[in-house]
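What follows is one structure encoded as structure tokens, with my remarks underneath.
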Amino acid sequence: MSTRSGSSNPHIGILSENYENITGDNPGGLRNCLKKIIIFFMEQVVTWNPQFKQDFSDLNTQWIRKYFVIEAQDIQQLAHPEENIIDVGGEIFFVLEDGIPLGTCAMVPHGEKCYELAKMGVAPEARGKGYGDLLMKACIEWAKTKEAEKIMLLSNTILEPAINLYKKFGFKTVSLEGHPDYKRCNIEMELSLK
């Protein structure tokens with residue numbers, strides 16, 4: 001599934017949203033709008049494909065090892081994504097640039113009408129291109145199609161860019177304590193979809 005088709009496209013409305021910037025005397029706004037259009041034509045968001053299994057693992061292993069250590073839950077999900085995410089009713093998204101996965105994120109069932117946003121990673125060379133935004137939009141829209149009432153996530157406050165991204169999309173902090181699933185976790189956040 002590509003988000004380029006139909007109403008699930010996260011870039012629908014770029015021109016209309018930026019009409020004032022394009023038609024007005026605002027060269028910075030025009031530059032920003034053109035950047036979004038270029039990104040639209042260079043990338044796409046797709047769902048799970050077994051050919052991207054190693055990319056899913058590599059994109060996540062890179063950031064986890066940079067800040068923390070790989071834990072048992074990581075090993076299960078990264079080594080066996082089909083069994084631990086896809087086959088239990090979840091989904092994995094990828095941002096492709098020229099057909100190469102440069103970002104990924106998973107949605108894992110977490111109780112009734114709830115999904116966990118997990119394993120979000122963007123390649124270091126692709127950061128700052130808005131790929132995190134694309135993944136967030138795809139995950140939230142997908143959860144809505146599954147009639148989820150909320151999305152939760154576990155993270156760590158040292159990952160400030162990630163925490164800011166979650167807040168930007170409406171996630172609220174529900175706990176600033178540890179969590180039994182991950183030693184590295186010191187924050188739990190939720191987004192209500194009701």
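Labeling convention for the structure tokens: chains A, B, ... as they appear, residues from 1 per chain, ligands from 1 in order of appearance.
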
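With only C-alpha atoms taken into account, the protein and nucleic acid residues at most 9 Å from stretch 165-174 of chain A (excluding it and anything under 6 positions from it in its own chain) are Gly132, Asp133, Met136, Lys137, Ile151, Met152, Leu153, Ile187, Glu188, Met189, Glu190, Leu191 and Ser192 of chain A.
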
List the neighbours of stretch 68-85 of chain A out to 12 Å using only C-alpha atoms; skip same-chain residues closer than 6 positions along the sequence, and give me the result as a compact mmCIF listing (two decimals) with N, CA, C and O atoms, in the first residue's frame.
# COMPACT_ATOMS: atom_id res chain seq x y z
N TRP A 48 4.37 -3.22 5.00
CA TRP A 48 5.28 -4.36 5.11
C TRP A 48 5.48 -5.10 3.80
O TRP A 48 4.54 -5.42 3.09
N ASN A 49 6.74 -5.37 3.53
CA ASN A 49 7.15 -6.21 2.43
C ASN A 49 8.35 -7.00 2.95
O ASN A 49 9.31 -6.40 3.44
N PRO A 50 8.31 -8.33 2.87
CA PRO A 50 9.43 -9.12 3.41
C PRO A 50 10.81 -8.73 2.87
O PRO A 50 11.81 -8.93 3.55
N GLN A 51 10.85 -8.13 1.69
CA GLN A 51 12.16 -7.73 1.15
C GLN A 51 12.81 -6.63 1.99
O GLN A 51 14.02 -6.40 1.88
N PHE A 52 12.03 -5.96 2.85
CA PHE A 52 12.57 -4.89 3.69
C PHE A 52 12.83 -5.34 5.12
O PHE A 52 13.06 -4.50 6.01
N LYS A 53 12.81 -6.64 5.36
CA LYS A 53 13.01 -7.16 6.72
C LYS A 53 14.34 -6.70 7.31
O LYS A 53 14.40 -6.25 8.46
N GLN A 54 15.42 -6.81 6.54
CA GLN A 54 16.73 -6.40 7.05
C GLN A 54 16.79 -4.90 7.28
O GLN A 54 17.41 -4.43 8.24
N ASP A 55 16.13 -4.13 6.42
CA ASP A 55 16.10 -2.67 6.60
C ASP A 55 15.39 -2.30 7.90
O ASP A 55 15.82 -1.40 8.63
N PHE A 56 14.29 -3.00 8.20
CA PHE A 56 13.56 -2.77 9.45
C PHE A 56 14.50 -2.97 10.64
O PHE A 56 14.55 -2.15 11.54
N SER A 57 15.24 -4.06 10.60
CA SER A 57 16.18 -4.35 11.68
C SER A 57 17.31 -3.32 11.72
O SER A 57 17.62 -2.77 12.78
N ASP A 58 17.91 -3.03 10.58
CA ASP A 58 19.07 -2.12 10.54
C ASP A 58 18.71 -0.70 10.98
O ASP A 58 19.47 -0.07 11.74
N LEU A 59 17.58 -0.18 10.50
CA LEU A 59 17.18 1.19 10.85
C LEU A 59 16.95 1.33 12.35
O LEU A 59 17.24 2.38 12.94
N ASN A 60 16.43 0.30 12.98
CA ASN A 60 16.19 0.34 14.42
C ASN A 60 17.43 0.03 15.24
O ASN A 60 17.70 0.69 16.24
N THR A 61 18.18 -0.96 14.81
CA THR A 61 19.39 -1.32 15.54
C THR A 61 20.35 -0.14 15.63
O THR A 61 20.99 0.10 16.66
N GLN A 62 20.42 0.67 14.56
CA GLN A 62 21.32 1.81 14.52
C GLN A 62 21.04 2.79 15.66
O GLN A 62 21.93 3.16 16.41
N GLU A 91 1.18 -3.70 11.76
CA GLU A 91 1.66 -3.26 10.45
C GLU A 91 3.02 -2.61 10.63
O GLU A 91 3.34 -2.10 11.70
N ILE A 92 3.80 -2.63 9.56
CA ILE A 92 5.10 -1.95 9.54
C ILE A 92 5.12 -1.05 8.31
O ILE A 92 4.77 -1.49 7.21
N PHE A 93 5.51 0.19 8.52
CA PHE A 93 5.57 1.18 7.45
C PHE A 93 7.02 1.53 7.13
O PHE A 93 7.89 1.51 8.00
N THR A 104 11.30 3.84 9.09
CA THR A 104 10.35 2.78 9.38
C THR A 104 9.67 3.02 10.71
O THR A 104 10.18 3.76 11.56
N CYS A 105 8.52 2.39 10.87
CA CYS A 105 7.77 2.46 12.13
C CYS A 105 6.78 1.31 12.14
O CYS A 105 6.25 0.94 11.08
N ALA A 106 6.51 0.76 13.32
CA ALA A 106 5.57 -0.35 13.44
C ALA A 106 4.38 0.05 14.30
O ALA A 106 4.49 0.91 15.18
N MET A 107 3.26 -0.61 14.01
CA MET A 107 2.06 -0.50 14.84
C MET A 107 1.77 -1.90 15.35
O MET A 107 1.52 -2.82 14.55
N VAL A 108 1.81 -2.07 16.67
CA VAL A 108 1.67 -3.38 17.30
C VAL A 108 0.40 -3.39 18.15
O VAL A 108 0.22 -2.48 18.98
N PRO A 109 -0.48 -4.39 17.98
CA PRO A 109 -1.67 -4.45 18.83
C PRO A 109 -1.29 -4.43 20.31
O PRO A 109 -0.33 -5.12 20.72
N HIS A 110 -2.02 -3.63 21.08
CA HIS A 110 -1.70 -3.47 22.50
C HIS A 110 -3.01 -3.38 23.29
O HIS A 110 -3.42 -2.31 23.71
N TYR A 115 -3.20 0.42 19.80
CA TYR A 115 -1.97 -0.03 19.13
C TYR A 115 -0.80 0.70 19.76
O TYR A 115 -0.91 1.85 20.19
N GLU A 116 0.33 0.01 19.78
CA GLU A 116 1.57 0.63 20.22
C GLU A 116 2.35 1.08 19.00
O GLU A 116 2.57 0.31 18.07
N LEU A 117 2.74 2.35 18.99
CA LEU A 117 3.63 2.87 17.97
C LEU A 117 5.04 2.49 18.42
O LEU A 117 5.46 2.87 19.51
N ALA A 118 5.73 1.68 17.62
CA ALA A 118 7.01 1.13 18.07
C ALA A 118 8.02 1.09 16.93
O ALA A 118 7.66 1.18 15.76
N LYS A 119 9.26 0.95 17.30
CA LYS A 119 10.33 0.72 16.34
C LYS A 119 10.36 1.78 15.23
O LYS A 119 10.43 1.48 14.05
N MET A 120 10.30 3.05 15.65
CA MET A 120 10.42 4.13 14.67
C MET A 120 11.88 4.52 14.54
O MET A 120 12.54 4.83 15.52
N SER A 155 9.05 5.39 25.31
CA SER A 155 10.25 6.03 24.80
C SER A 155 11.16 6.42 25.95
O SER A 155 11.00 5.96 27.07
N ASN A 156 12.11 7.28 25.65
CA ASN A 156 13.03 7.80 26.65
C ASN A 156 13.20 9.30 26.39
O ASN A 156 13.35 9.72 25.24
N ILE A 158 15.59 11.26 26.66
CA ILE A 158 16.81 11.76 26.01
C ILE A 158 16.64 11.84 24.49
O ILE A 158 17.41 12.49 23.81
N LEU A 159 15.60 11.18 23.97
CA LEU A 159 15.33 11.22 22.53
C LEU A 159 14.43 12.43 22.24
O LEU A 159 13.29 12.30 21.80
N PRO A 180 8.00 -2.28 32.41
CA PRO A 180 8.57 -3.63 32.43
C PRO A 180 9.00 -4.16 31.06
O PRO A 180 9.84 -5.07 30.98
N ASP A 181 8.47 -3.61 29.96
CA ASP A 181 8.82 -4.11 28.63
C ASP A 181 10.25 -3.74 28.21
O ASP A 181 10.90 -4.49 27.49
N TYR A 182 10.71 -2.54 28.62
CA TYR A 182 12.03 -2.05 28.20
C TYR A 182 12.72 -1.35 29.36
O TYR A 182 12.15 -0.46 29.98
N LYS A 183 13.97 -1.69 29.61
CA LYS A 183 14.75 -1.01 30.65
C LYS A 183 14.99 0.45 30.27
O LYS A 183 15.10 1.31 31.14
N ARG A 184 15.09 0.73 28.96
CA ARG A 184 15.41 2.09 28.52
C ARG A 184 14.22 3.06 28.64
O ARG A 184 14.39 4.27 28.56
N CYS A 185 13.04 2.53 28.82
CA CYS A 185 11.83 3.36 28.82
C CYS A 185 11.72 4.17 30.11
O CYS A 185 11.84 3.64 31.20

Open item on the list: Ranking A:Thr145, A:Ile140, A:Lys150, A:Gln44 by minimum distance to A:Gly103 and counting only C-alpha atoms, which one comes first?
Closed with: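 Between A:Thr145, A:Ile140, A:Lys150, A:Gln44, the residue approaching A:Gly103 most closely is A:Gln44.
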
Open item on the list: Could you list, as a VMD selection string, every residue within 8 Å of A:Glu147, counting only C-alpha atoms and ignoring same-chain residues fewer than 3 positions away?
Closed with: chain A and resid 113 143 to 144

- [ ] Give the alpha helix (DSSP H) residues of stretch 21-159 of chain A, as assigned by DSSP on the backbone, as a PyMOL selection string.
- [x] chain A and resi 21-23+27-42+53-67+72-79+81+131-145

TODO: Once DSSP has gone over the backbone, tell me which residues of stretch 42-72 of chain A are in strand (DSSP E), as a PyMOL selection string.
DONE: chain A and resi 43-47

Task: Which residue of A:Leu176, A:Cys114, A:Val122, A:Asn164 approaches A:Pro101 most closely, using only C-alpha atoms - done: A:Val122

Task: Å distance separating atom CA of A:Lys146 from atom CA of A:Gly89, one decimal place - done: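 Interatomic distance, atom CA of A:Lys146 to atom CA of A:Gly89: 9.7 Å.
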
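With distances restricted to only C-alpha atoms, A:Leu102 is the closest residue to A:Glu125 from A:Leu30, A:Ala138, A:Val45, A:Leu102.
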